[in-house]
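What's in upload.cif: mmCIF, C-alpha atoms and all ligand atoms
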data_run
loop_
_atom_site.label_atom_id
_atom_site.label_comp_id
_atom_site.auth_asym_id
_atom_site.auth_seq_id
_atom_site.Cartn_x
_atom_site.Cartn_y
_atom_site.Cartn_z
CA MET A 1 21.29 -18.16 2.88
CA TRP A 2 17.71 -17.48 4.00
CA THR A 3 15.12 -15.68 1.95
CA GLY A 4 11.80 -13.93 2.67
CA ARG A 5 9.45 -12.49 0.08
CA ALA A 6 6.39 -10.22 0.47
CA PRO A 7 4.08 -8.21 -1.81
CA GLY A 8 3.24 -4.51 -1.98
CA LYS A 9 -0.29 -3.17 -1.75
CA ILE A 10 -2.86 -0.83 -3.21
CA ILE A 11 -5.29 1.01 -0.93
CA LEU A 12 -8.74 1.10 -2.51
CA LEU A 13 -10.26 3.40 0.10
CA GLY A 14 -9.58 4.74 3.59
CA GLU A 15 -5.94 5.95 3.57
CA HIS A 16 -5.22 8.61 6.20
CA ALA A 17 -8.60 7.94 7.86
CA VAL A 18 -7.23 4.53 8.92
CA VAL A 19 -4.59 6.30 11.05
CA TYR A 20 -7.51 7.62 13.17
CA GLY A 21 -9.23 4.27 13.69
CA TYR A 22 -11.57 4.30 10.67
CA ARG A 23 -11.72 1.34 8.32
CA ALA A 24 -9.71 1.02 5.10
CA ILE A 25 -9.83 -1.53 2.30
CA ALA A 26 -6.75 -2.62 0.39
CA ALA A 27 -5.27 -5.51 -1.55
CA ALA A 28 -1.87 -7.03 -2.20
CA VAL A 29 -0.32 -6.67 -5.66
CA ASP A 30 1.97 -8.95 -7.64
CA LEU A 31 5.08 -6.77 -7.19
CA CYS A 32 7.27 -8.06 -4.37
CA THR A 33 10.34 -7.38 -2.26
CA THR A 34 12.80 -10.16 -1.48
CA VAL A 35 15.20 -10.05 1.47
CA THR A 36 18.11 -12.50 1.65
CA LEU A 37 20.19 -12.98 4.81
CA ARG A 38 23.55 -14.72 5.07
CA ASP A 39 25.99 -15.32 7.90
CA ARG A 40 29.02 -13.06 7.90
CA PRO A 41 31.58 -12.16 10.53
CA GLY A 42 31.36 -8.77 12.29
CA PRO A 43 28.56 -6.23 12.43
CA THR A 44 25.40 -6.80 10.39
CA ALA A 45 25.56 -4.88 7.11
CA ILE A 46 23.43 -4.23 4.03
CA GLU A 47 25.52 -5.80 1.27
CA ASN A 48 23.26 -5.18 -1.75
CA SER A 49 20.10 -3.16 -2.13
CA SER A 50 17.94 -2.16 -5.06
CA ILE A 51 16.33 0.36 -2.65
CA ASP A 52 18.35 3.51 -2.07
CA ASP A 53 17.02 5.03 1.15
CA ALA A 54 18.98 6.66 3.97
CA ARG A 55 16.59 5.15 6.55
CA LEU A 56 17.40 1.53 5.67
CA ALA A 57 20.15 0.96 8.27
CA ALA A 58 18.00 2.34 11.10
CA ALA A 59 15.03 0.30 9.87
CA PHE A 60 16.98 -2.96 9.93
CA ALA A 61 18.52 -2.14 13.31
CA SER A 62 14.94 -2.23 14.69
CA ILE A 63 14.39 -5.93 13.86
CA VAL A 64 17.64 -7.61 12.79
CA PRO A 65 20.49 -8.68 15.17
CA GLY A 66 23.35 -6.15 15.20
CA GLU A 67 26.03 -8.78 14.58
CA GLY A 68 26.69 -11.54 12.09
CA LEU A 69 24.34 -10.97 9.12
CA GLY A 70 24.72 -9.78 5.55
CA ILE A 71 21.49 -8.40 4.05
CA SER A 72 20.51 -8.24 0.38
CA ILE A 73 17.34 -6.49 -0.83
CA GLU A 74 15.75 -6.92 -4.23
CA SER A 75 12.56 -4.93 -4.74
CA GLU A 76 10.19 -4.67 -7.70
CA LEU A 77 8.31 -1.90 -5.88
CA PRO A 78 9.09 1.77 -6.49
CA VAL A 79 9.81 3.61 -3.20
CA GLY A 80 7.37 6.28 -1.97
CA CYS A 81 4.79 5.63 -4.68
CA GLY A 82 2.01 4.44 -2.35
CA MET A 83 2.47 0.75 -3.07
CA GLY A 84 3.80 -0.28 0.33
CA SER A 85 7.50 -0.76 -0.43
CA SER A 86 8.55 -0.36 3.21
CA ALA A 87 5.78 -2.70 4.41
CA ALA A 88 6.86 -5.37 1.92
CA LEU A 89 10.44 -4.89 3.12
CA ALA A 90 9.30 -5.33 6.74
CA VAL A 91 7.34 -8.53 6.07
CA ALA A 92 10.03 -10.00 3.80
CA THR A 93 12.63 -9.37 6.52
CA VAL A 94 10.53 -11.04 9.23
CA ARG A 95 10.04 -14.01 6.90
CA ALA A 96 13.78 -14.24 6.17
CA LEU A 97 14.58 -14.13 9.91
CA ALA A 98 12.09 -16.95 10.55
CA ALA A 99 13.57 -18.98 7.65
CA ARG A 100 16.96 -18.60 9.36
CA GLU A 101 15.40 -20.36 12.36
CA GLY A 102 14.11 -23.11 10.07
CA ARG A 103 10.45 -22.15 10.22
CA GLN A 104 7.77 -20.04 8.54
CA ALA A 105 6.78 -16.69 10.06
CA THR A 106 3.17 -16.49 11.23
CA PHE A 107 0.87 -13.63 10.23
CA ALA A 108 0.94 -12.35 13.85
CA GLU A 109 4.73 -12.29 13.84
CA CYS A 110 4.92 -10.43 10.50
CA TYR A 111 2.37 -7.95 11.80
CA GLU A 112 3.90 -7.33 15.24
CA LYS A 113 7.55 -7.19 14.17
CA GLY A 114 6.72 -5.34 10.96
CA PHE A 115 5.54 -2.36 13.03
CA ALA A 116 9.07 -1.70 14.32
CA LEU A 117 10.45 -1.30 10.81
CA GLU A 118 7.42 0.61 9.54
CA ARG A 119 7.77 3.12 12.41
CA VAL A 120 11.27 4.06 11.20
CA PHE A 121 9.82 4.89 7.76
CA HIS A 122 6.40 6.28 8.68
CA GLY A 123 6.52 7.56 12.26
CA ASN A 124 2.95 6.65 13.18
CA PRO A 125 1.83 3.82 10.86
CA SER A 126 -1.69 2.48 11.17
CA GLY A 127 -0.43 -1.06 10.42
CA LEU A 128 -2.57 -1.30 7.28
CA ASP A 129 0.30 -1.60 4.79
CA HIS A 130 2.15 -4.46 6.41
CA ALA A 131 -1.10 -6.22 7.44
CA VAL A 132 -2.02 -6.36 3.73
CA SER A 133 1.49 -7.44 2.74
CA ALA A 134 1.43 -10.24 5.34
CA MET A 135 -2.10 -11.37 4.32
CA GLY A 136 -1.26 -11.24 0.59
CA SER A 137 -4.94 -10.78 -0.34
CA PRO A 138 -7.78 -8.20 -0.15
CA VAL A 139 -8.21 -6.89 3.40
CA ILE A 140 -10.54 -4.72 5.46
CA TYR A 141 -8.52 -3.19 8.25
CA ARG A 142 -9.16 -1.18 11.37
CA ARG A 143 -6.28 -0.04 13.52
CA GLY A 144 -5.89 -2.11 16.68
CA HIS A 145 -8.19 -4.88 15.40
CA PRO A 146 -7.28 -8.13 13.63
CA ALA A 147 -7.09 -7.70 9.83
CA GLU A 148 -10.05 -9.38 8.09
CA GLY A 149 -10.33 -10.77 4.58
CA LEU A 150 -12.32 -8.50 2.25
CA PRO A 151 -14.89 -10.58 0.37
CA LEU A 152 -15.10 -9.74 -3.35
CA ALA A 153 -17.98 -11.12 -5.40
CA LYS A 154 -15.91 -10.60 -8.54
CA PRO A 155 -12.44 -9.38 -9.58
CA ILE A 156 -11.72 -5.64 -9.75
CA ARG A 157 -9.82 -4.26 -12.73
CA LEU A 158 -7.71 -1.14 -12.14
CA VAL A 159 -5.51 1.06 -14.28
CA VAL A 160 -2.60 2.33 -12.16
CA ALA A 161 -0.67 5.45 -13.16
CA ASN A 162 2.54 6.25 -11.30
CA THR A 163 3.58 9.91 -11.24
CA GLY A 164 7.13 8.84 -10.40
CA VAL A 165 7.14 11.60 -7.76
CA PRO A 166 7.83 10.09 -4.32
CA GLY A 167 5.58 11.16 -1.44
CA ASN A 168 6.86 11.28 2.15
CA THR A 169 4.29 9.32 4.18
CA ALA A 170 5.49 10.51 7.60
CA GLU A 171 5.27 14.19 6.53
CA LEU A 172 1.88 13.74 4.84
CA VAL A 173 0.41 11.97 7.89
CA ALA A 174 1.83 14.71 10.15
CA GLY A 175 0.32 17.39 7.87
CA VAL A 176 -3.14 15.84 8.14
CA LYS A 177 -2.76 15.64 11.93
CA ALA A 178 -1.91 19.34 12.08
CA ARG A 179 -4.99 20.28 10.03
CA LYS A 180 -7.38 17.97 11.99
CA PRO A 181 -9.97 17.51 9.20
CA SER A 182 -12.29 15.35 11.32
CA GLY A 183 -15.39 15.51 9.07
CA GLU A 184 -13.44 14.46 5.97
CA LEU A 185 -11.68 11.61 7.78
CA LEU A 186 -15.01 10.32 9.12
CA ARG A 187 -16.46 10.34 5.60
CA LEU A 188 -13.36 8.64 4.11
CA GLY A 189 -13.78 5.82 6.63
CA ALA A 190 -17.51 5.58 5.84
CA LEU A 191 -16.76 5.31 2.11
CA ALA A 192 -14.40 2.38 2.79
CA GLU A 193 -17.07 0.61 4.86
CA MET A 194 -19.82 1.19 2.31
CA ALA A 195 -17.55 0.05 -0.51
CA ALA A 196 -16.69 -3.15 1.36
CA ALA A 197 -20.40 -3.99 1.59
CA ARG A 198 -20.89 -3.26 -2.11
CA LEU A 199 -17.87 -5.28 -3.21
CA ALA A 200 -19.19 -8.31 -1.34
CA MET A 201 -22.34 -8.06 -3.50
CA GLY A 202 -20.51 -7.32 -6.77
CA GLN A 203 -21.86 -3.76 -6.93
CA PRO A 204 -19.95 -0.78 -8.36
CA ILE A 205 -17.83 1.48 -6.12
CA GLY A 206 -16.51 3.97 -8.69
CA GLU A 207 -18.38 6.97 -7.28
CA PHE A 208 -16.85 6.26 -3.85
CA LEU A 209 -13.35 6.47 -5.28
CA THR A 210 -14.10 9.80 -6.94
CA GLU A 211 -15.62 11.22 -3.76
CA ALA A 212 -12.61 9.99 -1.79
CA GLN A 213 -10.30 11.86 -4.17
CA ARG A 214 -12.24 15.09 -3.51
CA LEU A 215 -11.83 14.55 0.22
CA LEU A 216 -8.14 13.65 -0.05
CA ARG A 217 -7.60 16.86 -1.99
CA LYS A 218 -9.44 18.77 0.73
CA ILE A 219 -7.26 17.33 3.49
CA GLY A 220 -4.17 18.47 1.58
CA VAL A 221 -2.56 15.23 0.37
CA SER A 222 -3.28 15.43 -3.37
CA THR A 223 -1.22 17.39 -5.92
CA PRO A 224 -2.19 19.17 -9.16
CA GLN A 225 -0.69 16.27 -11.16
CA LEU A 226 -2.70 13.67 -9.21
CA ASP A 227 -5.87 15.75 -9.70
CA ASP A 228 -5.16 16.07 -13.45
CA LEU A 229 -4.61 12.33 -13.80
CA CYS A 230 -7.88 11.56 -12.00
CA ARG A 231 -9.80 14.07 -14.14
CA ALA A 232 -8.30 12.74 -17.38
CA MET A 233 -8.94 9.09 -16.51
CA LEU A 234 -12.54 9.87 -15.53
CA GLY A 235 -12.94 11.79 -18.79
CA ALA A 236 -11.73 8.70 -20.67
CA GLY A 237 -14.45 6.56 -19.11
CA ALA A 238 -13.09 5.31 -15.76
CA GLN A 239 -15.85 4.53 -13.24
CA GLY A 240 -13.89 6.21 -10.45
CA ALA A 241 -10.38 7.51 -9.80
CA LYS A 242 -8.30 8.57 -6.81
CA LEU A 243 -4.78 8.75 -5.49
CA ALA A 244 -3.84 5.63 -3.55
CA GLY A 245 -1.51 5.63 -0.54
CA ALA A 246 -0.26 8.64 1.36
CA GLY A 247 -0.40 11.01 -1.67
CA GLY A 248 1.97 13.95 -2.31
CA GLY A 249 2.87 12.06 -5.51
CA GLY A 250 2.81 8.31 -5.98
CA ILE A 251 0.01 6.58 -7.83
CA VAL A 252 -3.53 7.12 -9.07
CA ILE A 253 -5.88 4.16 -9.41
CA ALA A 254 -8.83 4.17 -11.81
CA LEU A 255 -11.59 1.59 -11.86
CA VAL A 256 -12.22 0.34 -15.40
CA ASP A 257 -14.21 -2.24 -17.31
CA GLY A 258 -13.67 -3.95 -20.65
CA PHE A 259 -15.08 -0.92 -22.52
CA SER A 260 -13.09 1.85 -20.86
CA GLU A 261 -9.74 0.20 -20.09
CA ALA A 262 -7.89 0.97 -23.35
CA ASP A 263 -8.98 4.63 -23.41
CA VAL A 264 -8.12 5.12 -19.74
CA ARG A 265 -4.68 3.58 -20.25
CA ASP A 266 -4.05 5.75 -23.32
CA VAL A 267 -4.90 9.00 -21.59
CA ALA A 268 -2.78 8.10 -18.55
CA GLU A 269 0.13 7.16 -20.87
CA SER A 270 -0.09 10.60 -22.45
CA ILE A 271 0.46 12.16 -18.99
CA VAL A 272 2.96 9.72 -17.36
CA PRO A 273 4.48 7.80 -20.32
CA GLY A 274 5.84 4.35 -19.48
CA ARG A 275 4.43 4.36 -15.95
CA VAL A 276 0.93 2.97 -16.55
CA TYR A 277 -0.23 -0.59 -16.08
CA ALA A 278 -3.39 -2.57 -15.42
CA ILE A 279 -3.92 -4.91 -12.49
CA THR A 280 -6.66 -7.28 -11.41
CA ILE A 281 -7.56 -7.68 -7.75
CA ARG A 282 -9.01 -11.14 -7.28
CA PRO A 283 -11.10 -12.60 -4.46
CA ALA A 284 -8.84 -14.23 -1.85
CA ALA A 285 -9.78 -17.84 -2.67
CA THR A 286 -8.54 -17.54 -6.26
CA SER A 287 -5.82 -14.91 -5.87
CA ARG A 288 -2.95 -17.13 -4.67
C1 LIG B 301 0.07 4.83 3.63
O1 LIG B 301 0.23 3.78 2.68
C2 LIG B 301 -1.31 4.80 4.24
C3 LIG B 301 -1.59 5.89 5.27
O2 LIG B 301 -2.95 5.73 5.68
C4 LIG B 301 -0.67 5.80 6.46
C5 LIG B 301 -0.95 4.59 7.34
O3 LIG B 301 -1.99 3.94 7.25
O4 LIG B 301 -0.08 4.31 8.20
C6 LIG B 301 -1.46 7.28 4.66
#

Spell out the structure here as structure tokens.
Amino acid sequence: MWTGRAPGKIILLGEHAVVYGYRAIAAAVDLCTTVTLRDRPGPTAIENSSIDDARLAAAFASIVPGEGLGISIESELPVGCGMGSSAALAVATVRALAAREGRQATFAECYEKGFALERVFHGNPSGLDHAVSAMGSPVIYRRGHPAEGLPLAKPIRLVVANTGVPGNTAELVAGVKARKPSGELLRLGALAEMAAARLAMGQPIGEFLTEAQRLLRKIGVSTPQLDDLCRAMLGAGAQGAKLAGAGGGGIVIALVDGFSEADVRDVAESIVPGRVYAITIRPAATSR
């Protein structure tokens, strides 16, 4: 048996804009997907999966041999919640395939081959999600350019609230394309770049998150529930709050400090009970 494992991600700033060549910043999270391959006679088949998604067979057909493999998938990541479940699946699969050849997959291999699987799920992926999953650390990413490490002067503490409502990334990306909100996309990319500079100096970026949420609402990817969560978490003392990922549901992230964290968690719990947790994004050197 051969196993590959890869993490999900959280986008701090720049989702949707990154599809159009603007920068985005994101980080890997501790929730992972594990793919196990084993030899079996006959056509390749998914034998066990904790992910229930009609696109799985087509996704695997894009990178796994058609004959002779049994596939098992174990994922800690909820599907469609903006935490990169399909990207983690892509990278874990590339790693399992490399393990079957007795070697470790390189970043370039995870990135290149991961695109094939991501295209089945997302249509026109920027590459951000699986670049972050393959790096496993904070990243600044621009489509068509090598992913770079995102320097953080200090850890970032976030409260994450999951609506439990799945968003369809391909449809949301297509909707933005149809509306062509060029000014908003330009500004979303600029916020990601400015935030990257601030994070390197340990300066606050909360206001950038809140502005990004306004823009994401304007380009049509937020929902009333996501807006309510952001408003409530800001009211409870968060420094900034926005949806993270494609939107249409999925998660909200709120930047907190030691003073505001408990209140922000409590208010989010009152809206999405049992689906709130806190995470720390650490600088790359200490995060692994
Ligand atoms: C989805 O996690 C992020 C989007 O920007 C799409 C993409 O980058 O491919 C919405």

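Between Met201 of chain A and the residues A:Leu152, A:Ala241, A:Gly189, A:Ile219, the shortest atom-to-atom distance, using only C-alpha atoms, involves A:Leu152.
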
Between A:Ala99, A:Pro283, A:Pro151, A:Phe60, which residue has the minimum interatomic distance to Lys113 of chain A, considering all atoms listed in the file? A:Phe60

Interface rows for chain A against ligand LIG 301 (chain B): nearest pair, Å to one decimal, 10 Å, only C-alpha atoms and all ligand atoms, as a tab-separated table:
residue	atom	partner	partner_atom	distance
A:Gly8	CA	B:LIG301	O1	10.0
A:Lys9	CA	B:LIG301	O1	8.3
A:Ile10	CA	B:LIG301	O1	8.1
A:Ile11	CA	B:LIG301	O1	7.2
A:Leu13	CA	B:LIG301	O2	9.5
A:Gly14	CA	B:LIG301	O2	7.0
A:Glu15	CA	B:LIG301	O2	3.7
A:His16	CA	B:LIG301	O2	3.7
A:Ala17	CA	B:LIG301	O2	6.4
A:Val18	CA	B:LIG301	O2	5.5
A:Val19	CA	B:LIG301	O3	5.2
A:Tyr20	CA	B:LIG301	O3	8.9
A:Gly21	CA	B:LIG301	O3	9.7
A:Ala24	CA	B:LIG301	O2	8.3
A:Ala26	CA	B:LIG301	O1	9.7
A:Gly80	CA	B:LIG301	O1	8.9
A:Cys81	CA	B:LIG301	O1	8.9
A:Gly82	CA	B:LIG301	O1	5.4
A:Met83	CA	B:LIG301	O1	6.9
A:Gly84	CA	B:LIG301	O1	5.9
A:Ser85	CA	B:LIG301	O1	9.1
A:Ser86	CA	B:LIG301	O1	9.3
A:Ala87	CA	B:LIG301	O1	8.7
A:Phe115	CA	B:LIG301	O4	10.0
A:Glu118	CA	B:LIG301	O4	8.5
A:Arg119	CA	B:LIG301	O4	9.0
A:Phe121	CA	B:LIG301	O4	9.9
A:His122	CA	B:LIG301	O4	6.8
A:Gly123	CA	B:LIG301	O4	8.4
A:Asn124	CA	B:LIG301	O4	6.3
A:Pro125	CA	B:LIG301	O4	3.3
A:Ser126	CA	B:LIG301	O4	3.8
A:Gly127	CA	B:LIG301	O4	5.8
A:Leu128	CA	B:LIG301	O3	5.3
A:Asp129	CA	B:LIG301	O1	5.8
A:His130	CA	B:LIG301	O4	9.2
A:Tyr141	CA	B:LIG301	O3	9.7
A:Arg142	CA	B:LIG301	O3	9.7
A:Arg143	CA	B:LIG301	O3	8.6
A:Gly167	CA	B:LIG301	C1	9.8
A:Asn168	CA	B:LIG301	C1	9.5
A:Thr169	CA	B:LIG301	C6	6.1
A:Ala170	CA	B:LIG301	C4	7.8
A:Glu171	CA	B:LIG301	C6	9.8
A:Leu172	CA	B:LIG301	C6	7.3
A:Val173	CA	B:LIG301	C6	6.0
A:Ala174	CA	B:LIG301	C6	9.8
A:Val176	CA	B:LIG301	C6	9.4
A:Val221	CA	B:LIG301	C6	9.1
A:Ala244	CA	B:LIG301	O1	7.7
A:Gly245	CA	B:LIG301	O1	4.1
A:Ala246	CA	B:LIG301	C6	3.8
A:Gly247	CA	B:LIG301	C6	7.4

Contacts between segment 257-262 of chain A and segment 189-251 of chain A, please, where a residue of segment 189-251 of chain A counts if it comes within 12 Å (with all atoms listed in the file); show its shortest atom pair and distance in Å to one decimal, rows by chain and ascending number, as JSON lines.
{"residue": "A:Pro204", "atom": "CA", "partner": "A:Asp257", "partner_atom": "CA", "distance": 10.7}
{"residue": "A:Gly206", "atom": "CA", "partner": "A:Asp257", "partner_atom": "CA", "distance": 10.9}
{"residue": "A:Met233", "atom": "CA", "partner": "A:Ser260", "partner_atom": "CA", "distance": 9.4}
{"residue": "A:Leu234", "atom": "CA", "partner": "A:Ser260", "partner_atom": "CA", "distance": 9.6}
{"residue": "A:Gly235", "atom": "CA", "partner": "A:Ser260", "partner_atom": "CA", "distance": 10.2}
{"residue": "A:Ala236", "atom": "CA", "partner": "A:Ser260", "partner_atom": "CA", "distance": 7.0}
{"residue": "A:Gly237", "atom": "CA", "partner": "A:Ser260", "partner_atom": "CA", "distance": 5.2}
{"residue": "A:Ala238", "atom": "CA", "partner": "A:Ser260", "partner_atom": "CA", "distance": 6.2}
{"residue": "A:Gln239", "atom": "CA", "partner": "A:Asp257", "partner_atom": "CA", "distance": 8.1}
{"residue": "A:Gly240", "atom": "CA", "partner": "A:Asp257", "partner_atom": "CA", "distance": 10.9}

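Within 12 Å of the file-frame point (-8.7, -10.3, 9.9), and using only C-alpha atoms, the polymer residues found are Ile25, Phe107, Ala108, Tyr111, Leu128, Ala131, Val132, Ala134, Met135, Gly136, Ser137, Pro138, Val139, Ile140, Tyr141, Arg142, Arg143, Gly144, His145, Pro146, Ala147, Glu148, Gly149, Leu150 and Pro151 of chain A.
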
Find the residues near Asn162 of chain A: any atom within 9 Å, counting all atoms listed in the file, skip ones fewer than 5 places away on the same chain, and give them as a list in words. Cys81, Gly249, Gly250, Ile251, Val252, Ile253, Val272, Arg275, Val276 and Tyr277 of chain A

Dump as an mmCIF file, keeping the file's coordinate frame, selection limited to C-alpha atoms:
data_model
loop_
_atom_site.group_PDB
_atom_site.id
_atom_site.type_symbol
_atom_site.label_atom_id
_atom_site.label_comp_id
_atom_site.auth_asym_id
_atom_site.auth_seq_id
_atom_site.Cartn_x
_atom_site.Cartn_y
_atom_site.Cartn_z
ATOM 1 C CA CYS A 81 4.790 5.630 -4.680
ATOM 2 C CA GLY A 249 2.870 12.060 -5.510
ATOM 3 C CA GLY A 250 2.810 8.310 -5.980
ATOM 4 C CA ILE A 251 0.010 6.580 -7.830
ATOM 5 C CA VAL A 252 -3.530 7.120 -9.070
ATOM 6 C CA ILE A 253 -5.880 4.160 -9.410
ATOM 7 C CA VAL A 272 2.960 9.720 -17.360
ATOM 8 C CA ARG A 275 4.430 4.360 -15.950
ATOM 9 C CA VAL A 276 0.930 2.970 -16.550
ATOM 10 C CA TYR A 277 -0.230 -0.590 -16.080
#

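One distance worth recording is that between atom CA of Asp266 of chain A and atom CA of Arg231 of chain A, which is 13.7 Å.
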
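For the pair atom CA of Ala90 of chain A and atom CA of Ala6 of chain A, the interatomic distance is 8.5 Å.
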
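Among A:Thr93, A:Thr280, A:Thr163, A:Gln104, the residue with the shortest atom-to-atom distance to Val256 of chain A, counting only C-alpha atoms, is A:Thr280.
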